[in-house]
Amino acid sequence: MESRIFKNEDILSPEYLPEILPHREQQVKQLANNLEPAAKGRNPQNTFLFGSPGIGKTASTKFIFRQFEEEYPNVKTIYINCWDYKTTNSVLGKIAEELKSFVSRRGVGKDEILEKIVESCKKMKKGLVVCLDEVDQLIFNDQEVLYDLLRINQYIENPVGLVFISNNPHVFANVEPRIKSSLNIEEIEFKAYSIEEMKDILQERAKIAFVSFEPAVVLLSANHAVMNDGDVRVGLECLMKAGRIAEQEGNKVKVEHVKKILSGVKPVKPEILKEKISEDERIILEVIDEYRTLNSGELYELYSKKVEVPVSDRRFRDFVNHLANIGLVKIRERKRGILGKTRVISKIV
Ligand code: ADP
Ligand code: MG
């Protein structure tokens, strides 16, 4: 049955890639300029995009990749989300697969995959651009792949262009200095949207998603999004849910519909993220959930009791930092006597 409310409901899904990205023109242009040399047989500029979640980093990159694929027959773009590919072999395997290199399934070594990638690059005679989204997952887990990606460049004519994305601006502080300097990264910061910008963005989506709506529907949703960490996905969810209520009641999305769903639309992240952390991190999180606030030593002790083989101190610290980076726990440093500082870890409520 045709909807009286939605022209196209999919447009409100966070996966939908719009035809325009209001208020990201400058970032899109800068990234495009950095990658364009790949289409001209010259060296692309590796780029790192950072900024808080839900403000268009992934969308801007996919936007450019789509455009490049359409406009430049001599560029191949590959998008990889490191939540799904967090080891050197899986990332290289994915690249090989996208290049349609034949790599036999079982027991292939890294060098063989690298060889195949180089072979495919030479054969296809295209500039290659690879995006590693949520790159913190990779750097945290297995950063060797960065070195391997650089190594490919020794064997092919034009270097691979790399785009890195993370919510954490400091993620490259954890990368070996030698690799970091070889990557020669330019940074592009994504700043949070103002309420006016958020309104424009949601307005564009609402215009093509709904048959008709009251103007304040967008205003209210934009306001809710800005209040909830500035994540555009929150605003999109408001529009979607209001639309669904409206469908039961009439032929126009109204302010009253938004008001009904507003309290039920919360920042999306933590619950989703919880499913994607490692087993040890999950156990650490359980302890924190139970005790709410404790210092690092206590936490390590309680965690150690819950597992058969506890990870090293160093690795444990990495895990806790990771949980803090993705916003699941908070770390404060507290002075302790003249001896120094102790880290206090607490639950985010
Ligand atoms: P992140 O910065 O976390 O990568 P995304 O790029 O995934 O955020 O954006 C989250 C959602 O918000 C996506 O659905 C995206 O289409 C939308 N979005 C973000 N910025 C814009 C914009 N300037 N114009 C249109 N949609 C946007
Ligand atoms: Mg993203």
# chains A, B, ... in the order shown; residues from 1 in each chain; ligands from 1

$ closest_atom_pairs --of "chain A" --to "ligand 1" --cutoff "7 Å" --atoms "only C-alpha atoms and all ligand atoms" --output "CSV"
residue,atom,partner,partner_atom_place_in_ligand_line,distance
A:Ser13,CA,ligand 1,14 (O),6.3
A:Pro14,CA,ligand 1,14 (O),3.2
A:Glu15,CA,ligand 1,14 (O),5.4
A:Tyr16,CA,ligand 1,14 (O),5.9
A:Leu17,CA,ligand 1,16 (O),5.3
A:Pro18,CA,ligand 1,25 (C),6.1
A:Ile20,CA,ligand 1,24 (N),6.4
A:Leu21,CA,ligand 1,24 (N),3.5
A:Pro22,CA,ligand 1,23 (N),4.4
A:His23,CA,ligand 1,23 (N),5.2
A:Arg24,CA,ligand 1,23 (N),5.2
A:Gly51,CA,ligand 1,2 (O),6.6
A:Ser52,CA,ligand 1,2 (O),6.3
A:Pro53,CA,ligand 1,3 (O),3.7
A:Gly54,CA,ligand 1,8 (O),3.3
A:Ile55,CA,ligand 1,2 (O),3.9
A:Gly56,CA,ligand 1,6 (O),3.1
A:Lys57,CA,ligand 1,2 (O),3.7
A:Thr58,CA,ligand 1,4 (O),3.6
A:Ala59,CA,ligand 1,6 (O),3.6
A:Ser60,CA,ligand 1,6 (O),6.3
A:Ile201,CA,ligand 1,24 (N),4.9
A:Asp231,CA,ligand 1,10 (C),6.9
A:Val232,CA,ligand 1,12 (O),4.4
A:Arg233,CA,ligand 1,11 (C),4.9

$ residues_around --residues "Glu186 of chain A" --least-positions-apart "4" --cutoff "12 Å" --atoms "only C-alpha atoms" --output "ChimeraX atom specification"
/A:30-31,33-35,44-50,161-165,172,180-182

$ residues_around --residues "Val329 of chain A" --least-positions-apart "5" --cutoff "7 Å" --atoms "only C-alpha atoms" --output "PyMOL selection string"
chain A and resi 323-324+345-348

$ write_last_selection --atoms "C-alpha atoms" --output "JSON list (two decimals), in the first residue's frame"
[["chain", "number", "residue", "atom", "x", "y", "z"],
["A", 323, "LEU", "CA", 36.70, 1.73, 26.35],
["A", 324, "ALA", "CA", 37.15, 5.39, 27.26],
["A", 345, "ILE", "CA", 37.67, 4.55, 36.13],
["A", 346, "SER", "CA", 33.93, 4.98, 36.30],
["A", 347, "LYS", "CA", 30.77, 4.00, 34.55],
["A", 348, "ILE", "CA", 29.05, 6.40, 32.20]]

$ atom_distance --atom1 "atom CA of Asn8 of chain A" --atom2 "atom CA of Val218 of chain A"
16.7 Å

$ select_by_dssp --residues "segment 152-312 of chain A" --states "strand (DSSP E or B)" --output "ChimeraX atom specification"
/A:161-166,186-189,210,213,253,293-295

$ closest_atom_pairs --of "segment 22-80 of chain A" --to "segment 117-139 of chain A" --cutoff "7 Å" --atoms "only C-alpha atoms" --output "tab-separated table"
residue	atom	partner	partner_atom	distance
A:Ala38	CA	A:Gly127	CA	4.9
A:Ala39	CA	A:Gly127	CA	6.1
A:Gly41	CA	A:Gly127	CA	6.9
A:Asn74	CA	A:Lys126	CA	4.6
A:Val75	CA	A:Gly127	CA	4.7
A:Lys76	CA	A:Leu128	CA	5.0
A:Thr77	CA	A:Val129	CA	4.8
A:Ile78	CA	A:Val130	CA	4.8
A:Tyr79	CA	A:Cys131	CA	4.8
A:Ile80	CA	A:Leu132	CA	5.1

$ write_last_selection --atoms "all heavy atoms" --output "PDB file, in the first residue's frame"
ATOM      1  N   ALA A  38      45.476  10.884  -7.712  1.00  0.00           N
ATOM      2  CA  ALA A  38      45.381   9.456  -8.047  1.00  0.00           C
ATOM      3  C   ALA A  38      44.812   9.256  -9.455  1.00  0.00           C
ATOM      4  O   ALA A  38      45.121   8.270 -10.121  1.00  0.00           O
ATOM      5  CB  ALA A  38      44.516   8.724  -7.025  1.00  0.00           C
ATOM      6  N   ALA A  39      43.998  10.203  -9.890  1.00  0.00           N
ATOM      7  CA  ALA A  39      43.384  10.092 -11.221  1.00  0.00           C
ATOM      8  C   ALA A  39      44.319  10.608 -12.305  1.00  0.00           C
ATOM      9  O   ALA A  39      44.076  10.435 -13.495  1.00  0.00           O
ATOM     10  CB  ALA A  39      42.084  10.873 -11.253  1.00  0.00           C
ATOM     11  N   GLY A  41      47.760  10.121 -12.261  1.00  0.00           N
ATOM     12  CA  GLY A  41      49.053   9.448 -12.231  1.00  0.00           C
ATOM     13  C   GLY A  41      50.062  10.121 -11.336  1.00  0.00           C
ATOM     14  O   GLY A  41      51.264   9.963 -11.494  1.00  0.00           O
ATOM     15  N   ASN A  74      39.899   5.727 -14.184  1.00  0.00           N
ATOM     16  CA  ASN A  74      41.232   5.221 -13.834  1.00  0.00           C
ATOM     17  C   ASN A  74      41.530   5.271 -12.332  1.00  0.00           C
ATOM     18  O   ASN A  74      42.677   5.273 -11.918  1.00  0.00           O
ATOM     19  CB  ASN A  74      42.306   5.995 -14.608  1.00  0.00           C
ATOM     20  CG  ASN A  74      42.199   7.477 -14.343  1.00  0.00           C
ATOM     21  OD1 ASN A  74      41.185   7.947 -13.825  1.00  0.00           O
ATOM     22  ND2 ASN A  74      43.237   8.214 -14.667  1.00  0.00           N
ATOM     23  N   VAL A  75      40.449   5.358 -11.532  1.00  0.00           N
ATOM     24  CA  VAL A  75      40.643   5.279 -10.086  1.00  0.00           C
ATOM     25  C   VAL A  75      39.773   4.168  -9.525  1.00  0.00           C
ATOM     26  O   VAL A  75      38.619   4.024  -9.899  1.00  0.00           O
ATOM     27  CB  VAL A  75      40.260   6.599  -9.372  1.00  0.00           C
ATOM     28  CG1 VAL A  75      40.391   6.433  -7.859  1.00  0.00           C
ATOM     29  CG2 VAL A  75      41.135   7.745  -9.839  1.00  0.00           C
ATOM     30  N   LYS A  76      40.359   3.388  -8.625  1.00  0.00           N
ATOM     31  CA  LYS A  76      39.594   2.361  -7.924  1.00  0.00           C
ATOM     32  C   LYS A  76      39.545   2.746  -6.449  1.00  0.00           C
ATOM     33  O   LYS A  76      40.587   3.006  -5.837  1.00  0.00           O
ATOM     34  CB  LYS A  76      40.287   1.000  -8.110  1.00  0.00           C
ATOM     35  CG  LYS A  76      39.808  -0.093  -7.195  1.00  0.00           C
ATOM     36  CD  LYS A  76      38.496  -0.665  -7.668  1.00  0.00           C
ATOM     37  CE  LYS A  76      37.975  -1.704  -6.671  1.00  0.00           C
ATOM     38  NZ  LYS A  76      36.547  -1.964  -6.822  1.00  0.00           N
ATOM     39  N   THR A  77      38.334   2.836  -5.886  1.00  0.00           N
ATOM     40  CA  THR A  77      38.219   3.182  -4.468  1.00  0.00           C
ATOM     41  C   THR A  77      37.758   1.967  -3.674  1.00  0.00           C
ATOM     42  O   THR A  77      36.942   1.180  -4.138  1.00  0.00           O
ATOM     43  CB  THR A  77      37.191   4.318  -4.242  1.00  0.00           C
ATOM     44  OG1 THR A  77      35.894   3.855  -4.624  1.00  0.00           O
ATOM     45  CG2 THR A  77      37.545   5.555  -5.029  1.00  0.00           C
ATOM     46  N   ILE A  78      38.306   1.826  -2.484  1.00  0.00           N
ATOM     47  CA  ILE A  78      37.904   0.720  -1.604  1.00  0.00           C
ATOM     48  C   ILE A  78      37.625   1.269  -0.209  1.00  0.00           C
ATOM     49  O   ILE A  78      38.477   1.938   0.388  1.00  0.00           O
ATOM     50  CB  ILE A  78      39.019  -0.351  -1.519  1.00  0.00           C
ATOM     51  CG1 ILE A  78      39.292  -0.950  -2.898  1.00  0.00           C
ATOM     52  CG2 ILE A  78      38.624  -1.451  -0.526  1.00  0.00           C
ATOM     53  CD1 ILE A  78      40.446  -1.945  -2.921  1.00  0.00           C
ATOM     54  N   TYR A  79      36.422   1.013   0.279  1.00  0.00           N
ATOM     55  CA  TYR A  79      36.037   1.464   1.612  1.00  0.00           C
ATOM     56  C   TYR A  79      36.057   0.282   2.583  1.00  0.00           C
ATOM     57  O   TYR A  79      35.466  -0.756   2.299  1.00  0.00           O
ATOM     58  CB  TYR A  79      34.637   2.082   1.579  1.00  0.00           C
ATOM     59  CG  TYR A  79      34.093   2.350   2.959  1.00  0.00           C
ATOM     60  CD1 TYR A  79      34.363   3.553   3.612  1.00  0.00           C
ATOM     61  CD2 TYR A  79      33.337   1.395   3.625  1.00  0.00           C
ATOM     62  CE1 TYR A  79      33.894   3.791   4.889  1.00  0.00           C
ATOM     63  CE2 TYR A  79      32.861   1.625   4.912  1.00  0.00           C
ATOM     64  CZ  TYR A  79      33.141   2.827   5.532  1.00  0.00           C
ATOM     65  OH  TYR A  79      32.669   3.055   6.801  1.00  0.00           O
ATOM     66  N   ILE A  80      36.750   0.441   3.696  1.00  0.00           N
ATOM     67  CA  ILE A  80      36.816  -0.639   4.690  1.00  0.00           C
ATOM     68  C   ILE A  80      36.488  -0.102   6.071  1.00  0.00           C
ATOM     69  O   ILE A  80      37.078   0.896   6.512  1.00  0.00           O
ATOM     70  CB  ILE A  80      38.238  -1.266   4.725  1.00  0.00           C
ATOM     71  CG1 ILE A  80      38.554  -1.912   3.372  1.00  0.00           C
ATOM     72  CG2 ILE A  80      38.355  -2.303   5.843  1.00  0.00           C
ATOM     73  CD1 ILE A  80      39.974  -2.441   3.269  1.00  0.00           C
TER      74      ILE A  80
END

$ closest_residue --among "A:Leu92, A:Cys238, A:Ile179, A:Ala246" --to "Leu202 of chain A" --atoms "only C-alpha atoms"
A:Cys238

$ residues_around --residues "Phe210 of chain A" --least-positions-apart "5" --cutoff "6 Å" --atoms "only C-alpha atoms" --output "list of chain:residue names"
A:Ile5, A:Phe6, A:Lys7

$ select_by_dssp --residues "segment 71-314 of chain A" --states "alpha helix (DSSP H)" --output "PyMOL selection string"
chain A and resi 71+88-98+110-124+136-141+144-152+177-183+195-209+215-227+232-249+255-261+269-274+279-291+296-306+313-314

$ residues_around --residues "segment 223-225 of chain A" --least-positions-apart "4" --cutoff "7 Å" --atoms "only C-alpha atoms" --output "JSON, numbers by chain"
{"A": [195, 219, 229, 230, 231, 232, 234, 235]}

$ write_last_selection --atoms "N, CA, C and O atoms" --output "short mmCIF file (atom, residue, chain, number, x, y, z; two decimals), in the first residue's frame"
data_model
loop_
_atom_site.label_atom_id
_atom_site.label_comp_id
_atom_site.auth_asym_id
_atom_site.auth_seq_id
_atom_site.Cartn_x
_atom_site.Cartn_y
_atom_site.Cartn_z
N ILE A 195 22.99 24.35 15.42
CA ILE A 195 21.57 24.03 15.28
C ILE A 195 21.06 24.43 13.88
O ILE A 195 20.29 23.69 13.26
N LEU A 219 12.72 21.51 12.93
CA LEU A 219 13.34 22.31 13.98
C LEU A 219 13.47 21.50 15.28
O LEU A 219 14.53 21.44 15.91
N ASP A 229 24.54 15.04 21.70
CA ASP A 229 25.89 14.90 21.15
C ASP A 229 26.04 15.39 19.72
O ASP A 229 27.05 15.12 19.09
N GLY A 230 25.01 16.03 19.17
CA GLY A 230 25.13 16.57 17.81
C GLY A 230 25.17 15.50 16.74
O GLY A 230 25.64 15.74 15.63
N ASP A 231 24.69 14.32 17.06
CA ASP A 231 24.71 13.20 16.12
C ASP A 231 23.52 13.30 15.15
O ASP A 231 22.36 13.26 15.59
N VAL A 232 23.81 13.44 13.87
CA VAL A 232 22.74 13.59 12.87
C VAL A 232 21.80 12.39 12.90
O VAL A 232 20.60 12.52 12.64
N VAL A 234 20.55 10.88 15.31
CA VAL A 234 19.47 11.11 16.28
C VAL A 234 18.34 11.89 15.60
O VAL A 234 17.16 11.57 15.74
N GLY A 235 18.71 12.92 14.85
CA GLY A 235 17.71 13.72 14.14
C GLY A 235 16.95 12.89 13.11
O GLY A 235 15.72 13.00 12.97
#

$ atom_distance --atom1 "atom CA of Lys341 of chain A" --atom2 "atom CA of Ala173 of chain A"
21.4 Å

$ decode --residues "segment 254-311 of chain A" --atoms "C-alpha atoms" --output "mmCIF file, in the first residue's frame"
data_model
loop_
_atom_site.group_PDB
_atom_site.id
_atom_site.type_symbol
_atom_site.label_atom_id
_atom_site.label_comp_id
_atom_site.auth_asym_id
_atom_site.auth_seq_id
_atom_site.Cartn_x
_atom_site.Cartn_y
_atom_site.Cartn_z
ATOM 1 C CA LYS A 254 3.134 17.288 12.660
ATOM 2 C CA VAL A 255 4.866 18.737 15.680
ATOM 3 C CA GLU A 256 2.591 16.715 17.961
ATOM 4 C CA HIS A 257 3.978 13.508 16.418
ATOM 5 C CA VAL A 258 7.553 14.533 17.109
ATOM 6 C CA LYS A 259 6.691 15.422 20.688
ATOM 7 C CA LYS A 260 5.333 11.934 21.239
ATOM 8 C CA ILE A 261 8.523 10.150 20.218
ATOM 9 C CA LEU A 262 11.159 12.608 21.409
ATOM 10 C CA SER A 263 11.876 11.094 24.811
ATOM 11 C CA GLY A 264 12.343 7.678 23.210
ATOM 12 C CA VAL A 265 15.100 8.809 20.857
ATOM 13 C CA LYS A 266 18.462 8.656 22.613
ATOM 14 C CA PRO A 267 22.068 8.800 21.464
ATOM 15 C CA VAL A 268 22.611 5.581 19.554
ATOM 16 C CA LYS A 269 26.181 4.638 20.244
ATOM 17 C CA PRO A 270 27.002 2.837 23.461
ATOM 18 C CA GLU A 271 24.595 -0.085 23.113
ATOM 19 C CA ILE A 272 25.742 -0.703 19.573
ATOM 20 C CA LEU A 273 29.373 -0.443 20.542
ATOM 21 C CA LYS A 274 29.043 -2.922 23.374
ATOM 22 C CA GLU A 275 28.518 -5.699 20.890
ATOM 23 C CA LYS A 276 31.750 -4.875 19.159
ATOM 24 C CA ILE A 277 34.278 -4.945 21.961
ATOM 25 C CA SER A 278 36.613 -7.808 22.763
ATOM 26 C CA GLU A 279 35.884 -10.496 25.339
ATOM 27 C CA ASP A 280 38.374 -9.045 27.836
ATOM 28 C CA GLU A 281 36.926 -5.581 27.379
ATOM 29 C CA ARG A 282 33.454 -6.938 27.964
ATOM 30 C CA ILE A 283 34.566 -8.416 31.274
ATOM 31 C CA ILE A 284 36.301 -5.195 32.293
ATOM 32 C CA LEU A 285 33.086 -3.360 31.487
ATOM 33 C CA GLU A 286 31.061 -5.800 33.584
ATOM 34 C CA VAL A 287 33.259 -5.078 36.600
ATOM 35 C CA ILE A 288 32.904 -1.341 36.074
ATOM 36 C CA ASP A 289 29.152 -1.678 35.678
ATOM 37 C CA GLU A 290 28.983 -3.518 38.959
ATOM 38 C CA TYR A 291 31.293 -1.309 41.047
ATOM 39 C CA ARG A 292 30.556 1.972 39.230
ATOM 40 C CA THR A 293 33.810 3.671 40.298
ATOM 41 C CA LEU A 294 37.154 2.093 41.115
ATOM 42 C CA ASN A 295 40.814 2.704 40.629
ATOM 43 C CA SER A 296 42.906 1.017 38.030
ATOM 44 C CA GLY A 297 44.592 -1.446 40.417
ATOM 45 C CA GLU A 298 41.311 -2.620 41.901
ATOM 46 C CA LEU A 299 39.817 -2.987 38.467
ATOM 47 C CA TYR A 300 42.726 -5.094 37.256
ATOM 48 C CA GLU A 301 42.469 -7.350 40.285
ATOM 49 C CA LEU A 302 38.726 -7.924 39.896
ATOM 50 C CA TYR A 303 39.095 -8.468 36.181
ATOM 51 C CA SER A 304 41.905 -10.992 36.738
ATOM 52 C CA LYS A 305 39.661 -13.048 39.003
ATOM 53 C CA LYS A 306 37.071 -13.351 36.288
ATOM 54 C CA VAL A 307 39.298 -14.694 33.529
ATOM 55 C CA GLU A 308 41.538 -17.685 33.198
ATOM 56 C CA VAL A 309 44.495 -15.870 31.675
ATOM 57 C CA PRO A 310 44.551 -12.141 32.419
ATOM 58 C CA VAL A 311 46.230 -9.889 29.869
#
